[in-house]
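> Could you have a look at this structure, given as structure tokens, before my questions?
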Amino acid sequence: MRDIRGGCEMRLKVIAGVLIGALAFGAGALGQVPAETRPQVAAKASPPPLPATPSTTPPLTKQDLDGWLDGFMPYALASGDVAGAVVVVVKDGQILSQKGYGYADVKSGRKVDPARTLFRPGSVSKLFVWTAVMQQVEQGKIDLNADINRYLDFKIPPYQGKPITMRDLMTHTPGFEEWGKSLFVASPERLIPLEPLLKRWTPKRIFAPGTTPAYSNYGASLAGYIVQRLSGEKFDDYMDRHIFAPLDMKTSTFRQPLPRQFEAEMSSSYQQASMPAKPYELVAGEPAGSVSATGEDMAHFMIAHLQDGRYGANRILKPETARLMRVEQPKINPPLNYMALGFYHEDWNGHTVLGHGGDTSWFHSELHILPDDNVGLYVSMNSLGKNAAVAPIRQALFRNFMDRYYPAPRQALPTAGTAQAHAKQVEGLYWWSRRSSSNLMSALNLMQAKVTANPDGTIQVSMLHDASGAAKRWREVGPYVWKDENDASTLAGAVRDGRVVSLATDDLPPVMVLQPVPGWASAAWNLPLLYFTLGVMALTVALWPVQALVRRRYGHSFALQGREALAYRLTKAAVLVQLVTLIAWPMLLMRLGNENPDGSLDWVQRVIQILCLLGVLGTLAAAWNAVLAWTSGARDWLARASASVVALACVAFVWFVTAFHLLSFSLLF
């Protein structure tokens, strides 16, 4: 899920790579601020082939659509090393086309069948949760603007005087930090039921409710729990009875492990089609993204929302409720698309488009509905692909679908007269609003986006690339509104009191924004300091046995005695502990990125926490050693300078483990 783990996992790998790279190559090799890798966007993926744009707009018919898809999908999957995909298009209350491409299982040669093969739509699952929430609204059980504590049996305190409402949950503005511990687990034994999972730890609040988009899996799982409490039915049972059954979604389930009757038709999943299959993924906070469903079943869901809550003779929502779900909420970054109630607004080419994306580690999906045109498009792929190829494939599929069947002329907008001034104003470092701030995952915040002002008045944002991996150049066409004219994408800034407070782009869903990095957290000085610290510690540890060997070779005795010798040796031991900590830290982050953060690595995290504490205490020894070096008169200027530099490195260690929350005895994140 772009939404559950994709971005987190990618950034884990990037920050771990940076830290390990610093250990291996030193400050000289990695001395500049790196650009953050955006969630689930290929860094250098080859763009999928783009079908030729017709000179006239063809009608959206099955014949034309099938021909167009058959010209796009097979080559895109093959070039991206993606095993298989399902694509479904609905129109006027019927399935217009449903196509399977490639393999549901590479080893056995089983092909994708859109009517039988189950895929994991990831966070598209949340649309079912929000639909269930609106059923409760219809019944008068939920007030969208009421404090959600009214519906819970545990309390979430207000933040900055504001309680969380269901509307906040549905627009991803409850203000929670990122949540990842035990969201994915490796085995059924590690699945934690929804109620104890939510009560175990409430993520820290970092924004006042209703003020800042920051995607929240915890918030969606919380909404599912509220449905469970108010209905008196277990969440899985409720979804079966009130969503899947009336929509005739006979091959769909939230249940985990996967029910036996679905196992034979479940698609395997892959990092790349050329690699071995991955195990079935288990999502502990099931409302956030545990659905398994066929493409045909997903078509039924799209038809119901396009028909104002009706599928065949059954109705899951009243017409006015279904229409209410599609209403765009007040915008935070005008003039960009924003959230409806649970749906993303993805309006394109002058057409209203609502949708949702979803990514597990290996399945990657998009759902789009055009309510005014009574059309829906769903795609799901079972592999991440080479260089995360699924990201440009699914974006190209949607945008070229729109350009083919619902085109709009490109407007040649003049460059704004404020381009140069605003480019300079917006220049700097930014981080995502969707982030951790109180646990070891906050180390990811060192990966920051760099906005650069070009001499011609355009700007570049380091994590926003086109499909070929080239940085986009954004030209200002209105006050704090920039366009990338190659693909019509928009970047917009929110300005308050003359200061840019956030940036957002319609290249990504409206569930997170970029915010200026405060000075204390800036990677511009934190990363060089980290490289300096690692270099000093590595050199200190390496020279310790070398010095002993040299003394032994030339018959020299250790010159220091008494407390000076003790302070010196304690300092060496402290530096060793700190260096081991700084090596273990990125290695743990890398493991968490490659494996399920389900508690199986808690013992590693605990060891690192203990090492952090010992390292902090050891800084006192380093400071003592530096004081003695300058006051005892027994050491020369080189020894004094060395003791001082080592003490400074130890102080820097204390800064990092406190600022980025390694010095903690909580195992939750």
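Ligands are numbered from 1 in the order shown, chains are lettered A, B, ... in the order of the structure tokens, and residues start at 1 in each chain.
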Determine, counting only C-alpha atoms, which protein, DNA and RNA residues have an atom within 10 Å of an atom of A:Asp236; residues of the same chain fewer than 5 positions away are not included. Present the result as a list in words.
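Skipping anything fewer than 5 positions along the chain leaves Gly224, Gln228, Arg241, Thr253, Phe254, Arg255, Gln256, Glu286 and Pro287 of chain A.
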> Determine the nearest neighbour of A:Val511 from the options A:Leu336, A:Ala115, A:Ala273, A:Leu197, counting only C-alpha atoms.
A:Leu336
> At a cut-off of 7 Å, using only C-alpha atoms, what residues contact stretch 649-655 of chain A? Leave out same-chain residues fewer than 5 positions from it and give the result as JSON, numbers by chain.
{"A": [533, 536, 616, 619]}
> Fewer than 4 positions away in the same chain doesn't count, so skip those; otherwise give me all residues within 9 Å of A:Ser231, counting only C-alpha atoms, as a compact mmCIF listing (two decimals) with N, CA and C atoms, in the first residue's frame.

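Below is the file that was written, out_32.txt:
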```txt
# COMPACT_ATOMS: atom_id res chain seq x y z
N GLN A 136 -23.31 3.52 9.24
CA GLN A 136 -23.59 3.88 10.63
C GLN A 136 -24.08 5.32 10.75
N LYS A 141 -26.02 6.47 14.20
CA LYS A 141 -25.11 6.00 15.24
C LYS A 141 -23.80 6.80 15.27
N ILE A 226 -14.64 1.16 15.52
CA ILE A 226 -15.88 1.87 15.88
C ILE A 226 -17.08 1.21 15.22
N VAL A 227 -16.95 0.80 13.96
CA VAL A 227 -18.03 0.08 13.29
C VAL A 227 -18.33 -1.22 14.04
N PHE A 235 -15.78 -7.22 13.19
CA PHE A 235 -15.52 -6.44 11.98
C PHE A 235 -15.64 -7.31 10.72
N TYR A 238 -19.23 -8.21 10.00
CA TYR A 238 -19.99 -7.05 9.51
C TYR A 238 -19.74 -6.83 8.02
```
> Could you pull out the residues in stretch 300-419 of chain A that DSSP calls alpha helix (DSSP H) from the backbone, as a PyMOL selection string?
chain A and resi 300-306+319-325+390-405+419
> Could you pull out the residues in stretch 120-255 of chain A that DSSP calls strand (DSSP E or B) from the backbone, as a list of chain:residue names?
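Across stretch 120-255 of chain A, those assigned strand (DSSP E or B) are A:Asp147, A:Tyr159, A:Lys162, A:Thr165, A:Phe176, A:Phe184, A:Val185, A:Arg205, A:Ala214, A:Ser252, A:Thr253.
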> Generate a file of the selected residues that holds C-alpha atoms, formatted as a CSV table (one decimal), in the first residue's frame.

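Now in selection_12.csv:
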```csv
chain,number,residue,atom,x,y,z
A,147,ASP,CA,-15.6,13.5,19.2
A,159,TYR,CA,-4.6,17.8,21.1
A,162,LYS,CA,-9.3,19.8,19.6
A,165,THR,CA,-13.8,13.5,14.7
A,176,PHE,CA,-1.3,11.0,14.4
A,184,PHE,CA,2.4,-6.5,9.1
A,185,VAL,CA,3.2,-9.8,10.7
A,205,ARG,CA,-0.3,13.4,18.0
A,214,ALA,CA,-0.9,12.9,7.3
A,252,SER,CA,-13.8,-11.3,-1.3
A,253,THR,CA,-12.8,-11.3,2.3
```
> How far is it from atom CA of A:Val291 to atom CA of A:Gly122, in Å with one decimal?
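One can read the atom CA of A:Val291 to atom CA of A:Gly122 distance as 6.8 Å.
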> With only C-alpha atoms as the counted atoms, please give the residues lying no more than 12 Å from A:Ile610, apart from itself and same-chain residues fewer than 6 positions off, as a list in words.
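That gives Val577, Gln578, Val580, Thr581, Ala584, Trp603, Val604, Val616, Leu617, Val657, Leu662, Leu663, Ser664, Phe665 and Ser666 of chain A.
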> Go ahead and dump the residues you just picked, N, CA and C atoms, as a short mmCIF file (atom, residue, chain, number, x, y, z; two decimals), in the first residue's frame.

```
data_model
loop_
_atom_site.label_atom_id
_atom_site.label_comp_id
_atom_site.auth_asym_id
_atom_site.auth_seq_id
_atom_site.Cartn_x
_atom_site.Cartn_y
_atom_site.Cartn_z
N VAL A 577 31.40 1.22 22.33
CA VAL A 577 29.96 0.97 22.52
C VAL A 577 29.15 1.88 21.60
N GLN A 578 29.53 3.15 21.51
CA GLN A 578 28.78 4.08 20.68
C GLN A 578 28.88 3.72 19.20
N VAL A 580 29.41 0.70 17.95
CA VAL A 580 28.58 -0.49 17.74
C VAL A 580 27.10 -0.10 17.66
N THR A 581 26.68 0.85 18.49
CA THR A 581 25.29 1.31 18.47
C THR A 581 24.95 1.93 17.12
N ALA A 584 24.65 -0.82 14.62
CA ALA A 584 23.47 -1.67 14.83
C ALA A 584 22.18 -0.95 14.47
N TRP A 603 14.13 -8.02 20.64
CA TRP A 603 15.34 -8.23 21.44
C TRP A 603 16.51 -7.43 20.88
N VAL A 604 16.57 -7.27 19.55
CA VAL A 604 17.62 -6.45 18.94
C VAL A 604 17.42 -4.99 19.33
N VAL A 616 25.63 6.85 26.36
CA VAL A 616 25.40 8.18 26.95
C VAL A 616 26.19 8.32 28.25
N LEU A 617 26.18 7.29 29.08
CA LEU A 617 26.97 7.34 30.32
C LEU A 617 28.46 7.44 30.00
N VAL A 657 21.05 10.11 19.59
CA VAL A 657 20.20 9.09 20.22
C VAL A 657 19.04 9.72 20.98
N LEU A 662 16.33 7.10 19.97
CA LEU A 662 16.89 5.79 20.23
C LEU A 662 16.99 5.53 21.72
N LEU A 663 17.19 6.59 22.49
CA LEU A 663 17.32 6.46 23.94
C LEU A 663 15.91 6.38 24.53
N SER A 664 15.31 5.22 24.37
CA SER A 664 13.94 5.01 24.81
C SER A 664 13.82 3.56 25.24
N PHE A 665 12.92 3.30 26.15
CA PHE A 665 12.71 1.92 26.57
C PHE A 665 11.35 1.40 26.13
N SER A 666 10.75 2.12 25.17
CA SER A 666 9.54 1.61 24.54
C SER A 666 9.93 0.83 23.30
#
```
